[in-house]
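J.: The structure file coords-v1.cif (mmCIF, C-alpha atoms) is provided below.
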```cif
data_my_file
#
loop_
_atom_site.group_PDB
_atom_site.id
_atom_site.type_symbol
_atom_site.label_atom_id
_atom_site.label_comp_id
_atom_site.auth_asym_id
_atom_site.auth_seq_id
_atom_site.Cartn_x
_atom_site.Cartn_y
_atom_site.Cartn_z
ATOM 1 C CA GLY A 1 -99.140 23.562 10.542
ATOM 2 C CA CYS A 2 -97.932 21.569 7.555
ATOM 3 C CA GLY A 3 -98.070 17.853 8.019
ATOM 4 C CA ALA A 4 -99.629 14.698 6.763
ATOM 5 C CA GLY A 5 -103.056 16.371 6.597
ATOM 6 C CA CYS A 6 -101.984 18.851 3.877
ATOM 7 C CA GLY A 7 -103.359 17.894 0.502
ATOM 8 C CA ALA A 8 -101.732 19.000 -2.754
ATOM 9 C CA ALA A 9 -104.714 21.146 -3.724
ATOM 10 C CA GLU A 10 -105.245 22.616 -0.259
ATOM 11 C CA GLY A 11 -101.655 23.538 0.580
ATOM 12 C CA CYS A 12 -100.884 24.257 4.214
ATOM 13 C CA ALA A 13 -103.427 27.062 4.731
ATOM 14 C CA VAL A 14 -106.005 27.067 7.505
ATOM 15 C CA ALA A 15 -109.308 28.980 7.644
ATOM 16 C CA THR A 16 -108.932 32.060 9.871
ATOM 17 C CA GLY A 17 -112.106 34.098 9.437
ATOM 18 C CA ALA A 18 -115.596 34.351 8.027
ATOM 19 C CA ALA A 19 -116.054 32.631 4.683
ATOM 20 C CA SER A 20 -117.110 34.557 1.589
ATOM 21 C CA MET A 21 -118.431 33.305 -1.714
ATOM 22 C CA THR A 22 -115.415 32.832 -4.041
ATOM 23 C CA PHE A 23 -115.003 31.475 -7.550
ATOM 24 C CA VAL A 24 -113.106 28.162 -7.353
ATOM 25 C CA GLY A 25 -113.440 26.936 -10.953
ATOM 26 C CA HIS A 26 -116.100 25.248 -13.056
ATOM 27 C CA GLY A 27 -117.235 21.957 -11.509
ATOM 28 C CA GLN A 28 -115.223 22.580 -8.326
ATOM 29 C CA GLY A 29 -117.718 24.379 -6.050
ATOM 30 C CA ASP A 30 -121.051 23.727 -4.386
ATOM 31 C CA TYR A 31 -123.061 26.762 -5.597
ATOM 32 C CA ILE A 32 -123.885 28.510 -8.882
ATOM 33 C CA THR A 33 -124.599 32.170 -9.570
ATOM 34 C CA GLU A 34 -128.143 33.208 -10.441
ATOM 35 C CA THR A 35 -127.627 36.966 -10.354
ATOM 36 C CA SER A 36 -128.498 38.734 -13.584
ATOM 37 C CA TYR A 37 -127.709 42.213 -14.819
ATOM 38 C CA LYS A 38 -129.607 44.325 -17.326
ATOM 39 C CA PHE A 39 -127.973 46.921 -19.571
ATOM 40 C CA VAL A 40 -129.932 50.182 -19.201
ATOM 41 C CA GLY A 41 -127.725 52.542 -21.212
ATOM 42 C CA LYS A 42 -124.406 54.262 -20.667
ATOM 43 C CA GLY A 43 -124.563 56.299 -17.473
ATOM 44 C CA ALA A 44 -128.133 55.249 -16.592
ATOM 45 C CA GLY A 45 -127.377 52.434 -14.137
ATOM 46 C CA ASN A 46 -125.553 52.071 -10.846
ATOM 47 C CA LEU A 47 -123.153 49.208 -11.732
ATOM 48 C CA SER A 48 -120.295 49.000 -14.231
ATOM 49 C CA MET A 49 -117.712 46.447 -15.277
ATOM 50 C CA ILE A 50 -114.462 47.717 -13.738
ATOM 51 C CA SER A 51 -111.264 45.704 -13.703
ATOM 52 C CA PRO A 52 -108.914 45.886 -10.761
ATOM 53 C CA LYS A 53 -106.119 48.375 -11.230
ATOM 54 C CA ALA A 54 -102.580 47.068 -11.501
ATOM 55 C CA PHE A 55 -99.234 48.809 -11.432
ATOM 56 C CA SER A 56 -98.124 49.533 -14.983
ATOM 57 C CA TYR A 57 -94.492 50.088 -15.884
ATOM 58 C CA SER A 58 -95.629 51.089 -19.389
ATOM 59 C CA ARG A 59 -97.477 54.127 -17.961
ATOM 60 C CA ILE A 60 -94.313 55.252 -16.178
ATOM 61 C CA ALA A 61 -92.283 54.687 -19.338
ATOM 62 C CA CYS A 62 -94.823 56.737 -21.301
ATOM 63 C CA MET A 63 -94.864 59.517 -18.698
ATOM 64 C CA VAL A 64 -91.076 59.733 -18.941
ATOM 65 C CA SER A 65 -90.591 59.183 -22.671
ATOM 66 C CA VAL A 66 -93.269 61.572 -23.984
ATOM 67 C CA PRO A 67 -91.889 64.661 -22.165
ATOM 68 C CA LEU A 68 -88.332 63.734 -23.204
ATOM 69 C CA LEU A 69 -89.441 63.345 -26.810
ATOM 70 C CA LEU A 70 -91.251 66.675 -26.728
ATOM 71 C CA LEU A 71 -88.175 68.368 -25.221
ATOM 72 C CA LEU A 72 -86.040 66.917 -28.023
ATOM 73 C CA LEU A 73 -88.500 68.187 -30.618
ATOM 74 C CA LEU A 74 -88.610 71.617 -28.987
ATOM 75 C CA PHE A 75 -84.801 71.759 -28.999
ATOM 76 C CA LEU A 76 -84.670 70.799 -32.676
ATOM 77 C CA MET A 77 -87.326 73.361 -33.594
ATOM 78 C CA MET A 78 -85.666 76.178 -31.645
ATOM 79 C CA ARG A 79 -82.236 75.915 -33.298
ATOM 80 C CA PRO A 80 -80.977 79.298 -34.496
ATOM 81 C CA SER A 81 -81.827 80.165 -38.064
ATOM 82 C CA ALA A 82 -79.146 80.768 -40.675
ATOM 83 C CA THR A 83 -77.663 84.230 -41.228
ATOM 84 C CA THR A 84 -78.447 85.792 -44.605
ATOM 85 C CA THR A 85 -76.342 88.361 -46.457
ATOM 86 C CA SER A 86 -77.135 90.729 -49.288
ATOM 87 C CA THR A 87 -74.911 92.006 -52.103
ATOM 88 C CA THR A 88 -74.337 95.178 -50.099
ATOM 89 C CA LEU A 89 -71.977 95.483 -47.150
ATOM 90 C CA TRP A 90 -74.762 94.995 -44.589
ATOM 91 C CA THR A 91 -75.427 91.638 -42.937
ATOM 92 C CA THR A 92 -78.898 90.856 -41.684
ATOM 93 C CA GLN A 93 -80.140 88.080 -39.490
ATOM 94 C CA ALA A 94 -83.619 86.609 -39.592
ATOM 95 C CA PRO A 95 -85.735 87.816 -36.660
ATOM 96 C CA ALA A 96 -85.643 85.448 -33.700
ATOM 97 C CA ARG A 97 -88.766 83.386 -33.186
ATOM 98 C CA GLN A 98 -90.566 83.826 -29.925
ATOM 99 C CA PRO A 99 -90.269 80.598 -27.911
ATOM 100 C CA ALA A 100 -93.496 78.663 -27.515
ATOM 101 C CA THR A 101 -94.348 75.448 -25.719
ATOM 102 C CA CYS A 102 -96.879 72.765 -26.505
ATOM 103 C CA GLU A 103 -97.588 70.389 -23.616
ATOM 104 C CA PHE A 104 -99.317 67.043 -23.910
ATOM 105 C CA TRP A 105 -100.212 64.776 -20.961
ATOM 106 C CA GLY A 106 -102.727 62.346 -19.536
ATOM 107 C CA ASP A 107 -105.862 61.188 -21.228
ATOM 108 C CA PRO A 108 -105.280 63.406 -23.453
ATOM 109 C CA HIS A 109 -104.889 66.961 -22.236
ATOM 110 C CA VAL A 110 -103.117 69.573 -24.329
ATOM 111 C CA ARG A 111 -101.801 73.097 -23.881
ATOM 112 C CA THR A 112 -101.343 74.434 -27.415
ATOM 113 C CA PHE A 113 -98.567 76.700 -28.667
ATOM 114 C CA ASP A 114 -100.979 79.646 -28.451
ATOM 115 C CA GLY A 115 -102.077 78.799 -24.877
ATOM 116 C CA GLY A 116 -105.349 76.970 -25.688
ATOM 117 C CA ARG A 117 -106.348 74.025 -23.453
ATOM 118 C CA PRO A 118 -108.600 71.628 -25.375
ATOM 119 C CA SER A 119 -109.252 68.122 -24.017
ATOM 120 C CA PHE A 120 -110.146 65.258 -26.339
ATOM 121 C CA TYR A 121 -112.004 62.158 -25.194
ATOM 122 C CA GLY A 122 -113.089 60.649 -28.525
ATOM 123 C CA GLU A 123 -111.379 57.671 -30.105
ATOM 124 C CA GLY A 124 -109.372 58.218 -33.266
ATOM 125 C CA GLU A 125 -106.131 59.561 -34.663
ATOM 126 C CA TRP A 126 -105.513 63.303 -34.376
ATOM 127 C CA TRP A 127 -102.796 65.777 -35.271
ATOM 128 C CA ILE A 128 -100.911 67.070 -32.251
ATOM 129 C CA VAL A 129 -98.396 69.155 -34.242
ATOM 130 C CA LYS A 130 -98.566 69.701 -37.995
ATOM 131 C CA SER A 131 -96.072 72.178 -39.378
ATOM 132 C CA SER A 132 -93.938 72.261 -42.491
ATOM 133 C CA THR A 133 -91.083 70.497 -40.660
ATOM 134 C CA VAL A 134 -92.606 68.591 -37.685
ATOM 135 C CA TRP A 135 -95.503 66.148 -37.814
ATOM 136 C CA ILE A 136 -96.857 64.554 -34.614
ATOM 137 C CA GLN A 137 -99.994 62.429 -34.562
ATOM 138 C CA GLY A 138 -101.670 60.723 -31.606
ATOM 139 C CA ARG A 139 -103.852 57.615 -31.454
ATOM 140 C CA PHE A 140 -106.544 57.706 -28.761
ATOM 141 C CA LYS A 141 -108.721 54.788 -27.561
ATOM 142 C CA GLY A 142 -110.996 54.198 -24.612
ATOM 143 C CA THR A 143 -109.585 52.196 -21.712
ATOM 144 C CA GLN A 144 -110.955 50.352 -18.724
ATOM 145 C CA TYR A 145 -109.030 52.746 -16.471
ATOM 146 C CA THR A 146 -110.734 55.833 -17.937
ATOM 147 C CA ASN A 147 -114.231 54.310 -17.969
ATOM 148 C CA GLY A 148 -114.282 54.147 -21.761
ATOM 149 C CA LEU A 149 -113.030 57.694 -22.374
ATOM 150 C CA ALA A 150 -110.166 57.909 -24.828
ATOM 151 C CA ALA A 151 -106.591 57.996 -23.581
ATOM 152 C CA THR A 152 -103.359 58.380 -25.499
ATOM 153 C CA ARG A 153 -102.293 54.963 -26.808
ATOM 154 C CA LYS A 154 -99.527 55.959 -29.266
ATOM 155 C CA ILE A 155 -97.838 58.972 -30.736
ATOM 156 C CA ALA A 156 -95.951 59.077 -34.034
ATOM 157 C CA VAL A 157 -93.363 61.750 -34.807
ATOM 158 C CA GLY A 158 -92.129 62.448 -38.313
ATOM 159 C CA GLY A 159 -91.503 65.183 -40.811
ATOM 160 C CA PRO A 160 -88.643 66.565 -42.878
ATOM 161 C CA PHE A 161 -86.549 67.319 -39.771
ATOM 162 C CA LEU A 162 -86.216 63.529 -39.208
ATOM 163 C CA ARG A 163 -85.060 62.970 -42.804
ATOM 164 C CA GLY A 164 -87.606 60.279 -43.671
ATOM 165 C CA HIS A 165 -87.641 58.538 -40.278
ATOM 166 C CA THR A 166 -90.627 58.095 -37.971
ATOM 167 C CA ILE A 167 -90.577 57.637 -34.181
ATOM 168 C CA VAL A 168 -93.523 55.763 -32.655
ATOM 169 C CA VAL A 169 -93.997 55.793 -28.880
#
```
Is it possible to express this structure as structure tokens?
T.:
Amino acid sequence: GCGAGCGAAEGCAVATGAASMTFVGHGQGDYITETSYKFVGKGAGNLSMISPKAFSYSRIACMVSVPLLLLLLLFLMMRPSATTTSTTLWTTQAPARQPATCEFWGDPHVRTFDGGRPSFYGEGEWWIVKSSTVWIQGRFKGTQYTNGLAATRKIAVGGPFLRGHTIVV
């Protein structure tokens, strides 16, 4: 229990099991590491530097905000077109566009408007949608969680439909 024997650095913890080698800080322990590793090429070895995974609220925010943004864009793009009239007594309406969906998720997976399913794993900035009214670009970089493969880091939405504004997520 806690009592006079508890030091400030030790707290009130007691050893309850087998000891394991643990980093305690430079100049604080009794042993040093002499293990060495040799880089043999990407994918050629049996060890990798992998960080522990942590819960990320930003991933949840991205998973929620990207679909909402794409739904907003789809709504704006699917607004009915204006009715046109001629000098005669007939009124014509522009033919309705067939609805299409472009989906974008993960690291980065895409279902294009025409049903294609490319996957991109290279780093860089790429067009997601480029039309006369809507411009969407994505920035992709490797992450520790995807073992160096590119994942979506940012998307930027712009174009004439936003009247000079840009949305960056």
J.: Would you write out, as a list of chain:residue names, every residue that the PyMOL selection byres ((chain A and resi 128-131) around 10) captures in this file?
T.: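 On the file shown, the PyMOL selection byres ((chain A and resi 128-131) around 10) covers A:Cys102, A:Glu103, A:Phe104, A:Val110, A:Thr112, A:Phe113, A:Glu125, A:Trp126, A:Trp127, A:Ser132, A:Thr133, A:Val134, A:Trp135, A:Ile136, A:Gln137, A:Gly138, A:Arg139, A:Ile155, A:Ala156, A:Val157, A:Gly158, A:Gly159, A:Pro160.
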J.: Take CA of Gln144 in chain A and CA of Gly116 in chain A and report the distance between them in Å, one decimal.
T.: 28.1 Å
J.: Between CA of Thr101 in chain A and CA of Val64 in chain A, what is the spacing in Å?
T.: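 Pair CA of Val64 in chain A / CA of Thr101 in chain A returns 17.4 Å.
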J.: Hey, can you check how far CA of Ala96 in chain A sits from CA of Pro118 in chain A?
T.: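 A separation of 28.1 Å between them.
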J.: Residue by residue, what does the PyMOL selection byres ((chain A and resi 78) around 12) grab here? Present the result as a short mmCIF file (atom, residue, chain, number, x, y, z; two decimals) with C-alpha atoms, in the coordinates of the input.
T.:
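Final output, saved to expr-v3.cif:
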```cif
data_model
loop_
_atom_site.label_atom_id
_atom_site.label_comp_id
_atom_site.auth_asym_id
_atom_site.auth_seq_id
_atom_site.Cartn_x
_atom_site.Cartn_y
_atom_site.Cartn_z
CA LEU A 71 -88.18 68.37 -25.22
CA LEU A 72 -86.04 66.92 -28.02
CA LEU A 73 -88.50 68.19 -30.62
CA LEU A 74 -88.61 71.62 -28.99
CA PHE A 75 -84.80 71.76 -29.00
CA LEU A 76 -84.67 70.80 -32.68
CA MET A 77 -87.33 73.36 -33.59
CA ARG A 79 -82.24 75.92 -33.30
CA PRO A 80 -80.98 79.30 -34.50
CA SER A 81 -81.83 80.17 -38.06
CA ALA A 96 -85.64 85.45 -33.70
CA ARG A 97 -88.77 83.39 -33.19
CA GLN A 98 -90.57 83.83 -29.92
CA PRO A 99 -90.27 80.60 -27.91
CA ALA A 100 -93.50 78.66 -27.52
CA THR A 101 -94.35 75.45 -25.72
CA THR A 133 -91.08 70.50 -40.66
CA VAL A 134 -92.61 68.59 -37.68
#
```
J.: Name every residue that the PyMOL selection byres ((chain A and resi 152) around 12) selects in this structure, writing the answer as a ChimeraX atom specification with chains first and numbers rising.
T.: /A:59,62-63,66,104-110,119-126,128,137-143,146,149-151,153-156,169
